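Shown next: coords-v2.cif, given as mmCIF, C-alpha atoms.
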data_structure
#
loop_
_atom_site.label_atom_id
_atom_site.label_comp_id
_atom_site.auth_asym_id
_atom_site.auth_seq_id
_atom_site.Cartn_x
_atom_site.Cartn_y
_atom_site.Cartn_z
CA MET A 1 4.34 32.48 27.47
CA SER A 2 5.32 31.07 24.07
CA GLU A 3 3.04 31.22 21.03
CA LEU A 4 3.38 27.43 20.90
CA ASP A 5 1.65 27.01 24.26
CA ALA A 6 -1.67 27.61 22.48
CA TYR A 7 -1.03 24.46 20.41
CA ASP A 8 -0.23 22.09 23.25
CA TYR A 9 -2.39 19.46 24.95
CA GLU A 10 -2.05 16.35 27.11
CA LEU A 11 -2.90 13.02 25.48
CA PRO A 12 -3.19 9.72 27.34
CA HIS A 13 -0.67 7.33 25.79
CA GLU A 14 -3.30 4.63 25.29
CA LEU A 15 -5.15 6.85 22.77
CA ILE A 16 -2.23 6.72 20.29
CA ALA A 17 -3.41 4.21 17.68
CA GLN A 18 -0.93 1.38 17.08
CA GLU A 19 -2.93 -0.46 14.41
CA PRO A 20 -5.48 0.67 11.81
CA LEU A 21 -9.04 -0.57 12.06
CA ALA A 22 -9.87 -3.74 10.14
CA HIS A 23 -12.15 -1.66 7.91
CA ARG A 24 -10.72 1.76 7.12
CA ALA A 25 -14.00 3.66 6.85
CA ASP A 26 -15.18 2.52 10.30
CA ALA A 27 -12.99 5.20 11.89
CA ARG A 28 -14.86 7.65 14.09
CA LEU A 29 -15.42 11.14 12.72
CA LEU A 30 -15.80 14.23 14.88
CA VAL A 31 -17.76 16.77 12.82
CA VAL A 32 -16.84 20.36 13.70
CA ASP A 33 -19.45 22.81 12.44
CA ARG A 34 -17.99 26.33 12.53
CA ALA A 35 -21.20 28.15 11.56
CA ARG A 36 -23.27 26.43 14.27
CA ASP A 37 -20.45 26.19 16.80
CA GLU A 38 -21.37 22.52 17.24
CA LEU A 39 -19.63 19.16 17.52
CA SER A 40 -21.18 15.84 16.54
CA HIS A 41 -20.00 12.24 16.50
CA ARG A 42 -20.19 10.21 13.30
CA HIS A 43 -18.05 7.76 11.31
CA VAL A 44 -15.98 8.25 8.15
CA ARG A 45 -18.35 5.86 6.34
CA ASP A 46 -21.07 8.52 6.83
CA LEU A 47 -19.31 11.06 4.57
CA PRO A 48 -21.72 10.57 1.60
CA GLU A 49 -24.57 11.62 3.92
CA ILE A 50 -22.67 14.44 5.67
CA LEU A 51 -21.31 16.18 2.58
CA ARG A 52 -23.57 17.72 -0.06
CA ALA A 53 -24.16 16.87 -3.69
CA GLY A 54 -21.91 19.18 -5.70
CA ASP A 55 -19.07 19.10 -3.14
CA LEU A 56 -15.63 18.05 -4.36
CA MET A 57 -13.15 16.03 -2.27
CA VAL A 58 -9.51 16.85 -3.03
CA LEU A 59 -7.25 13.88 -2.24
CA ASN A 60 -3.45 13.54 -2.19
CA ASP A 61 -2.37 10.66 -4.45
CA THR A 62 1.25 10.52 -3.26
CA ARG A 63 2.63 7.04 -2.63
CA VAL A 64 4.84 6.23 0.36
CA VAL A 65 8.18 4.75 -0.69
CA PRO A 66 10.00 2.20 1.51
CA ALA A 67 12.43 4.89 2.61
CA ARG A 68 13.77 3.47 5.89
CA LEU A 69 17.20 1.93 5.31
CA VAL A 70 19.20 -0.42 7.52
CA GLY A 71 22.82 -1.40 7.01
CA HIS A 72 26.33 -1.21 8.40
CA ARG A 73 29.54 0.70 7.85
CA THR A 74 31.45 -1.34 5.29
CA MET A 75 34.82 -0.79 7.00
CA THR A 76 33.86 -1.36 10.64
CA GLY A 77 30.58 -3.29 10.57
CA GLY A 78 28.97 -0.72 12.88
CA ARG A 79 25.17 -0.56 12.66
CA TRP A 80 23.71 2.24 10.54
CA GLU A 81 20.16 3.50 9.86
CA GLY A 82 19.00 6.09 7.36
CA LEU A 83 15.90 7.64 5.88
CA PHE A 84 15.78 8.37 2.15
CA LEU A 85 14.48 11.89 1.46
CA SER A 86 14.99 12.46 -2.27
CA VAL A 87 17.26 11.95 -5.26
CA ASP A 88 18.54 14.77 -7.48
CA GLU A 89 19.11 14.97 -11.22
CA GLN A 90 22.68 13.71 -10.82
CA GLY A 91 21.45 10.60 -9.00
CA LEU A 92 22.72 11.70 -5.58
CA TRP A 93 20.59 10.65 -2.62
CA ARG A 94 19.62 12.93 0.28
CA LEU A 95 19.19 11.08 3.57
CA LEU A 96 18.90 11.56 7.28
CA ALA A 97 21.23 9.10 8.96
CA ARG A 98 22.59 7.88 12.26
CA GLY A 99 25.31 5.40 13.16
CA ARG A 100 28.23 4.72 15.44
CA GLY A 101 31.18 7.04 15.12
CA LYS A 102 31.76 9.78 12.57
CA MET A 103 31.96 8.67 8.95
CA ALA A 104 34.58 10.16 6.67
CA ILE A 105 33.76 11.56 3.25
CA GLY A 106 34.19 8.72 0.74
CA GLU A 107 33.38 6.00 3.26
CA THR A 108 30.61 3.53 2.32
CA ILE A 109 27.54 2.02 3.92
CA THR A 110 26.39 -1.47 2.94
CA LEU A 111 22.61 -1.71 2.95
CA VAL A 112 20.93 -4.91 4.12
CA ASN A 113 17.91 -6.22 2.21
CA ALA A 114 14.68 -7.68 3.65
CA GLU A 115 16.26 -11.15 3.79
CA GLY A 116 19.08 -9.80 5.96
CA ARG A 117 21.76 -10.08 3.26
CA ASP A 118 24.25 -7.40 2.22
CA ASP A 119 23.09 -5.55 -0.88
CA ILE A 120 23.73 -2.05 -2.32
CA ARG A 121 26.48 0.26 -1.11
CA LEU A 122 26.10 4.00 -0.48
CA ARG A 123 29.15 6.28 -0.55
CA LEU A 124 29.15 9.48 1.52
CA VAL A 125 29.75 12.49 -0.73
CA GLU A 126 28.90 15.46 1.50
CA ARG A 127 27.18 16.53 4.70
CA ALA A 128 24.57 19.24 4.15
CA GLU A 129 22.58 21.48 6.50
CA GLY A 130 20.00 20.04 8.86
CA GLY A 131 21.81 16.73 9.38
CA VAL A 132 21.27 15.68 5.75
CA TRP A 133 23.79 13.31 4.15
CA ILE A 134 24.45 13.42 0.40
CA MET A 135 25.29 9.91 -0.83
CA HIS A 136 25.97 8.12 -4.08
CA ALA A 137 24.31 4.73 -4.61
CA GLU A 138 26.68 2.25 -6.26
CA SER A 139 23.98 0.83 -8.50
CA ASP A 140 22.76 1.36 -12.05
CA ARG A 141 19.15 0.92 -10.95
CA PRO A 142 16.83 3.91 -10.36
CA ALA A 143 16.51 4.96 -6.73
CA LEU A 144 12.92 3.72 -6.37
CA GLU A 145 13.89 0.26 -7.61
CA VAL A 146 16.69 0.11 -5.05
CA LEU A 147 14.31 1.20 -2.28
CA ASP A 148 11.78 -1.46 -3.26
CA ARG A 149 14.53 -4.04 -2.80
CA VAL A 150 16.20 -2.85 0.39
CA GLY A 151 13.83 -0.34 2.00
CA ARG A 152 11.28 -0.62 4.77
CA VAL A 153 8.12 1.44 5.36
CA PRO A 154 9.15 4.37 7.63
CA LEU A 155 6.43 4.28 10.28
CA PRO A 156 6.29 7.19 12.74
CA PRO A 157 8.12 6.45 16.02
CA TYR A 158 4.87 6.52 18.04
CA ILE A 159 3.63 3.42 16.13
CA ARG A 160 5.37 0.40 17.69
CA HIS A 161 8.54 2.52 17.99
CA GLY A 162 8.67 2.77 14.21
CA GLU A 163 8.92 -1.00 13.70
CA MET A 164 7.02 -2.21 10.62
CA ALA A 165 4.72 -5.22 10.59
CA PRO A 166 4.42 -7.06 7.23
CA ALA A 167 0.89 -5.71 6.69
CA ASP A 168 2.05 -2.08 7.02
CA ARG A 169 3.34 -2.03 3.43
CA GLU A 170 -0.30 -2.06 2.30
CA ARG A 171 -2.21 -0.43 5.12
CA TYR A 172 0.17 2.57 5.52
CA GLN A 173 -0.83 3.51 1.97
CA THR A 174 -4.01 5.09 0.60
CA VAL A 175 -6.10 3.04 -1.83
CA PHE A 176 -5.59 5.80 -4.43
CA ALA A 177 -1.80 6.17 -4.00
CA ARG A 178 -0.25 6.64 -7.45
CA GLN A 179 2.77 8.96 -7.41
CA PRO A 180 5.78 7.55 -5.48
CA GLY A 181 7.83 9.98 -3.43
CA ALA A 182 6.47 10.43 0.13
CA VAL A 183 8.28 9.29 3.26
CA ALA A 184 5.06 9.49 5.31
CA ALA A 185 1.44 8.80 4.42
CA PRO A 186 -1.17 11.54 3.92
CA THR A 187 -3.02 10.02 6.84
CA ALA A 188 -6.51 11.49 6.32
CA GLY A 189 -6.63 9.56 3.06
CA LEU A 190 -6.02 6.25 4.86
CA HIS A 191 -9.69 6.16 5.88
CA PHE A 192 -10.99 5.80 2.33
CA THR A 193 -11.99 2.56 0.61
CA ASP A 194 -12.97 2.00 -3.00
CA GLU A 195 -16.51 1.35 -1.79
CA LEU A 196 -16.68 4.66 0.09
CA LEU A 197 -15.44 6.54 -2.98
CA ARG A 198 -18.14 4.85 -5.12
CA ARG A 199 -20.84 5.75 -2.60
CA ALA A 200 -19.66 9.35 -2.56
CA GLU A 201 -19.79 9.50 -6.34
CA ALA A 202 -23.32 8.03 -6.33
CA ALA A 203 -24.33 10.79 -3.90
CA GLY A 204 -23.10 13.48 -6.31
CA ILE A 205 -19.86 14.18 -4.44
CA GLY A 206 -16.91 14.50 -6.79
CA THR A 207 -13.26 13.58 -6.30
CA CYS A 208 -10.04 14.95 -7.74
CA PHE A 209 -6.36 14.51 -6.95
CA VAL A 210 -3.35 16.61 -6.12
CA THR A 211 0.14 15.41 -5.20
CA LEU A 212 2.31 16.44 -2.28
CA HIS A 213 5.29 14.24 -1.46
CA VAL A 214 5.15 14.34 2.31
CA GLY A 215 8.47 14.86 4.09
CA LEU A 216 9.36 14.30 7.74
CA ASP A 217 9.72 18.00 8.53
CA THR A 218 5.95 18.38 8.20
CA PHE A 219 5.53 16.40 11.43
CA ARG A 220 8.39 17.80 13.48
CA PRO A 221 7.55 19.97 16.50
CA VAL A 222 8.01 23.70 16.15
CA THR A 223 10.94 24.72 18.35
CA ALA A 224 11.00 28.48 17.69
CA GLU A 225 9.37 30.69 20.31
CA ARG A 226 7.53 32.62 17.60
CA LEU A 227 5.67 30.93 14.74
CA ALA A 228 7.06 33.49 12.31
CA ASP A 229 10.58 32.25 13.10
CA HIS A 230 9.89 28.64 12.16
CA SER A 231 11.50 27.54 8.89
CA MET A 232 9.50 25.08 6.78
CA HIS A 233 11.36 22.64 4.56
CA ARG A 234 10.22 22.40 0.96
CA GLU A 235 8.07 19.59 -0.39
CA TRP A 236 7.25 18.90 -4.04
CA GLY A 237 3.63 19.19 -5.11
CA GLU A 238 1.40 19.37 -8.15
CA LEU A 239 -2.13 20.43 -9.05
CA GLY A 240 -2.89 19.36 -12.61
CA GLU A 241 -5.10 20.89 -15.27
CA ALA A 242 -7.97 18.40 -14.82
CA THR A 243 -8.05 19.03 -11.06
CA ALA A 244 -7.97 22.81 -11.52
CA GLU A 245 -10.93 22.59 -13.89
CA LYS A 246 -12.94 20.42 -11.48
CA ILE A 247 -12.29 22.80 -8.59
CA ASN A 248 -13.27 25.86 -10.63
CA VAL A 249 -16.49 24.25 -11.88
CA CYS A 250 -17.38 23.04 -8.37
CA ARG A 251 -16.96 26.41 -6.70
CA ALA A 252 -18.62 28.29 -9.57
CA HIS A 253 -21.74 26.18 -8.99
CA GLY A 254 -21.77 26.68 -5.23
CA GLY A 255 -20.04 23.44 -4.24
CA ARG A 256 -17.38 23.19 -1.58
CA ALA A 257 -13.75 22.19 -2.06
CA VAL A 258 -13.22 19.61 0.71
CA ALA A 259 -9.51 19.11 1.32
CA VAL A 260 -8.72 15.59 2.50
CA GLY A 261 -5.72 16.16 4.71
CA THR A 262 -3.45 19.08 5.51
CA THR A 263 -1.20 18.11 2.60
CA SER A 264 -4.04 18.76 0.15
CA VAL A 265 -4.65 22.08 1.89
CA ARG A 266 -1.06 23.15 1.32
CA VAL A 267 -1.19 22.29 -2.39
CA LEU A 268 -4.50 24.11 -2.89
CA GLU A 269 -3.41 27.21 -1.03
CA THR A 270 0.03 27.29 -2.67
CA ALA A 271 -1.64 27.12 -6.09
CA ALA A 272 -4.07 29.86 -5.04
CA GLN A 273 -1.18 32.24 -4.36
CA GLY A 274 -0.64 32.54 -8.10
CA ASN A 275 -4.16 33.81 -8.75
CA SER A 276 -3.41 37.53 -8.54
CA GLY A 277 -5.90 38.11 -5.74
CA SER A 278 -8.76 36.03 -7.13
CA ALA A 279 -10.28 33.52 -4.71
CA GLU A 280 -12.77 32.15 -7.22
CA SER A 281 -10.50 30.06 -9.42
CA VAL A 282 -7.23 28.17 -9.48
CA SER A 283 -4.72 27.45 -12.23
CA PRO A 284 -2.51 24.36 -12.63
CA TRP A 285 0.64 24.44 -10.51
CA SER A 286 3.67 22.30 -9.79
CA GLY A 287 6.87 22.92 -7.88
CA LEU A 288 8.21 23.20 -4.35
CA THR A 289 6.21 24.64 -1.48
CA ASP A 290 7.30 25.79 1.97
CA LEU A 291 3.93 27.32 2.84
CA PHE A 292 3.38 27.52 6.61
CA ILE A 293 -0.28 28.29 7.29
CA ARG A 294 -0.61 30.15 10.57
CA PRO A 295 -2.76 33.02 11.93
CA PRO A 296 -3.95 35.36 10.50
CA TYR A 297 -3.97 33.37 7.24
CA ARG A 298 -6.98 33.81 4.90
CA PHE A 299 -7.96 30.58 3.14
CA ARG A 300 -8.75 31.10 -0.53
CA LEU A 301 -9.67 27.68 -1.90
CA VAL A 302 -10.41 25.33 1.00
CA ASP A 303 -14.03 25.31 2.17
CA ALA A 304 -13.94 22.22 4.40
CA LEU A 305 -11.21 19.98 5.81
CA LEU A 306 -11.07 16.28 6.68
CA THR A 307 -8.05 15.60 8.86
CA ASN A 308 -6.65 13.29 11.53
CA PHE A 309 -5.73 14.41 15.05
CA HIS A 310 -2.24 15.88 15.12
CA LEU A 311 0.69 15.96 17.51
CA PRO A 312 1.04 18.96 19.85
CA ARG A 313 3.19 21.92 18.86
CA THR A 314 3.41 20.97 15.17
CA THR A 315 2.79 22.99 12.02
CA LEU A 316 -0.11 20.63 11.22
CA LEU A 317 -1.95 21.49 14.43
CA VAL A 318 -1.31 25.20 13.79
CA LEU A 319 -2.84 24.83 10.31
CA VAL A 320 -5.95 23.08 11.66
CA HIS A 321 -6.41 25.69 14.40
CA THR A 322 -6.06 28.44 11.80
CA PHE A 323 -8.82 26.86 9.72
CA GLY A 324 -11.22 25.92 12.52
CA GLY A 325 -10.52 28.61 15.09
CA ASP A 326 -8.59 28.24 18.35
CA ARG A 327 -11.53 28.09 20.73
CA LEU A 328 -13.55 25.55 18.73
CA LEU A 329 -10.52 23.35 17.97
CA LYS A 330 -9.44 23.23 21.61
CA ARG A 331 -12.97 22.19 22.48
CA ALA A 332 -12.93 19.56 19.71
CA TYR A 333 -9.65 18.02 20.88
CA ALA A 334 -10.89 17.92 24.50
CA GLU A 335 -14.10 16.25 23.29
CA ALA A 336 -12.16 13.67 21.26
CA ILE A 337 -9.97 12.78 24.23
CA ALA A 338 -12.95 12.55 26.58
CA HIS A 339 -14.71 10.17 24.16
CA GLY A 340 -11.66 7.97 23.63
CA TYR A 341 -10.94 8.80 20.01
CA ARG A 342 -7.85 7.17 18.49
CA PHE A 343 -5.09 9.67 17.66
CA TYR A 344 -2.44 10.24 14.98
CA SER A 345 -1.61 8.30 11.80
CA TYR A 346 -3.70 5.14 12.35
CA GLY A 347 -6.32 6.99 14.39
CA ASP A 348 -9.72 8.60 13.87
CA ALA A 349 -10.58 11.80 12.02
CA MET A 350 -12.41 15.11 12.20
CA LEU A 351 -14.32 17.00 9.54
CA ILE A 352 -14.31 20.80 9.84
CA VAL A 353 -17.12 22.41 7.83
#
Transcribe the structure of this file into structure tokens.
Amino acid sequence: MSELDAYDYELPHELIAQEPLAHRADARLLVVDRARDELSHRHVRDLPEILRAGDLMVLNDTRVVPARLVGHRTMTGGRWEGLFLSVDEQGLWRLLARGRGKMAIGETITLVNAEGRDDIRLRLVERAEGGVWIMHAESDRPALEVLDRVGRVPLPPYIRHGEMAPADRERYQTVFARQPGAVAAPTAGLHFTDELLRRAEAAGIGTCFVTLHVGLDTFRPVTAERLADHSMHREWGELGEATAEKINVCRAHGGRAVAVGTTSVRVLETAAQGNSGSAESVSPWSGLTDLFIRPPYRFRLVDALLTNFHLPRTTLLVLVHTFGGDRLLKRAYAEAIAHGYRFYSYGDAMLIV
């Protein structure tokens, strides 16, 4: 029996949400109470009544970039698709790509813009590990400007087979998205509206922001037989001085740090690793993280977690099980399926307290 078997479950296909709700905060919320060993059914809009005055919600303010690229091989006209991952200091792009035939180093791709016309060219410079292509964009514009012109929102393949509807540019984005760089949304944050954030503030519940630019590897299934053998790819994150101060004041006064999403968890816990054994405070941090939270991990900063329902056999599901406990989380997922909760990126949520 593989370690991964403990993080597997059967999900009826019809429970995979294909569209978000008309009103984000109307999503159902399964509240998982670890101390009482209880489950209860609420809605995300109830958060100001569920959380306590003095609690602090930690949200990821990354912004999804239109990273899905469509084009053709300039020489042959063969169809090509790619996913922008990052750009380095020399202006070279890192992408995942697929197309017909094997491209030679130096060959170019012509990207097609939203109107279906030929636009920017990308020249293949190198093939790196993990199927990553290193390419040079033949443009003087910054990468994000080019993506805004030719890119599409990279929806997960389980949402309409990854095909974007016009409204997805807005709704596959949190209302507090500020820092461009993610290729997937921090989905727990999709449930929040400006009104819900104001109601939380009026109830004495604070908010602060971290950044983690979400990459595709976060969502990929674990293929190693042992969790310890799984290699996490690095993602860039930041926890600023103002956020560190808010967290320290909150916890010093008995409030709870409520991570909104597994991405916020990874930033908080990565930052906590630099605290020389102290679990009471956190210092500002920025850099790359490859933290894989798995048993028997001891959480140092996260007191509660708001999260969506995750795919089987992924590092995200392992993280959530580690925080909530295997037995209770298996029960929670079975309860959510039995009650017809909507799963994955556009789906419902759970709050583990």
*Which of A:Gly181, A:Gly91, A:Pro154, A:Gly99 sits closest to A:Ala137 [using only C-alpha atoms]*: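 Closest to A:Ala137, using only C-alpha atoms: A:Gly91.
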*I need the residue set behind the PyMOL selection byres ((chain A and resi 250-265) around 6) for this file; please write it as a ChimeraX atom specification.*
/A:54-60,188,247-249,266-268,302-307
*asked:* Between atom CA of A:Arg68 and atom CA of A:Gly151, what distance in Å does the model show, to one decimal?
replied: 5.4 Å
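The smallest atom-to-atom distance between A:Ala228 and any of A:Gly162, A:Gly204, A:Pro296, A:Gly215, using all atoms listed in the file, is found for A:Pro296.
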*asked:* Please enumerate the residues selected by the PyMOL selection byres ((chain A and resi 118-126) around 7) when evaluated against the supplied file, formatted as a ChimeraX atom specification.
replied: /A:105-113,116-117,127-128,133-139
*When distances are computed from only C-alpha atoms, which of A:Arg52, A:Asp5, A:Ile293, A:Gly287 shows the smallest separation from A:Glu201?*
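Of A:Arg52, A:Asp5, A:Ile293, A:Gly287, the one nearest A:Glu201 is A:Arg52, counting only C-alpha atoms.
The residues returned by the PyMOL selection byres ((chain A and resi 144) around 12) on the shown structure are A:Arg63, A:Val64, A:Val65, A:Pro66, A:Ala67, A:Phe84, A:Leu85, A:Ser86, A:Val87, A:Gly91, A:Trp93, A:Ala137, A:Ser139, A:Asp140, A:Arg141, A:Pro142, A:Ala143, A:Glu145, A:Val146, A:Leu147, A:Asp148, A:Arg149, A:Val150, A:Gly151, A:Gln179, A:Pro180, A:Gly181, A:Ala182.
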*Compare A:Gly324, A:Gly77, A:Gly274, A:Gly131 by their minimum atom-to-atom distance to A:Val353, counting all atoms listed in the file, and give me the closest one.*
A:Gly324
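For the residues A:Thr174, A:Trp285, A:Phe309, A:Thr314, ranking by smallest atom-to-atom distance to A:Tyr333 using only C-alpha atoms places A:Phe309 first.
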*Mind checking which residues fall within 12 Å of A:Arg171, counting all atoms listed in the file, ignoring those fewer than 6 positions away in the same chain, and posting them as a ChimeraX atom specification?*
/A:19-24,63-64,153,155,164-165,177,185,187,189-193,345-346
*atom CA of A:Leu212 to atom CA of A:Met232, distance in Å rounded to a single decimal*: 14.4 Å
Draw an axis-aligned box over all listed atoms of stretch 224-228 of chain A, pad each side with 3 Å, and write its centre and edge lengths in Å, one decimal, as JSON.
{"center_x": 8.3, "center_y": 31.0, "center_z": 16.3, "size_x": 11.3, "size_y": 11.0, "size_z": 14.0}
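With only C-alpha atoms as the basis for measurement, A:Ser281 is the residue among A:Thr62, A:Ser281, A:Thr315, A:Gln90 that approaches A:Leu301 most closely.
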*State, in Å with one decimal place, the distance from atom CA of A:Ala6 to atom CA of A:Ser40.*
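Calculated distance between atom CA of A:Ala6 and atom CA of A:Ser40 is 23.5 Å.
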_Which residues are near A:Phe343? Cut-off 6 Å, only C-alpha atoms, ignore same chain within fewer than 2 positions. Put them as a list in words._
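The residues satisfying every condition are Leu15, Ile16, Ala17, Phe309 and Gly347 of chain A.
Residues in contact with A:Glu49 at 9 Å, where all atoms listed in the file are counted and same-chain residues fewer than 4 positions away are skipped, are listed as Arg45, Ala200 and Ala203 of chain A.
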Residues of the last selection are to be written out with C-alpha atoms, as a PDB file, keeping the file's coordinate frame.
ATOM      1  CA  ARG A  45     -18.350   5.860   6.340  1.00  0.00           C
ATOM      2  CA  ALA A 200     -19.660   9.350  -2.560  1.00  0.00           C
ATOM      3  CA  ALA A 203     -24.330  10.790  -3.900  1.00  0.00           C
TER       4      ALA A 203
END
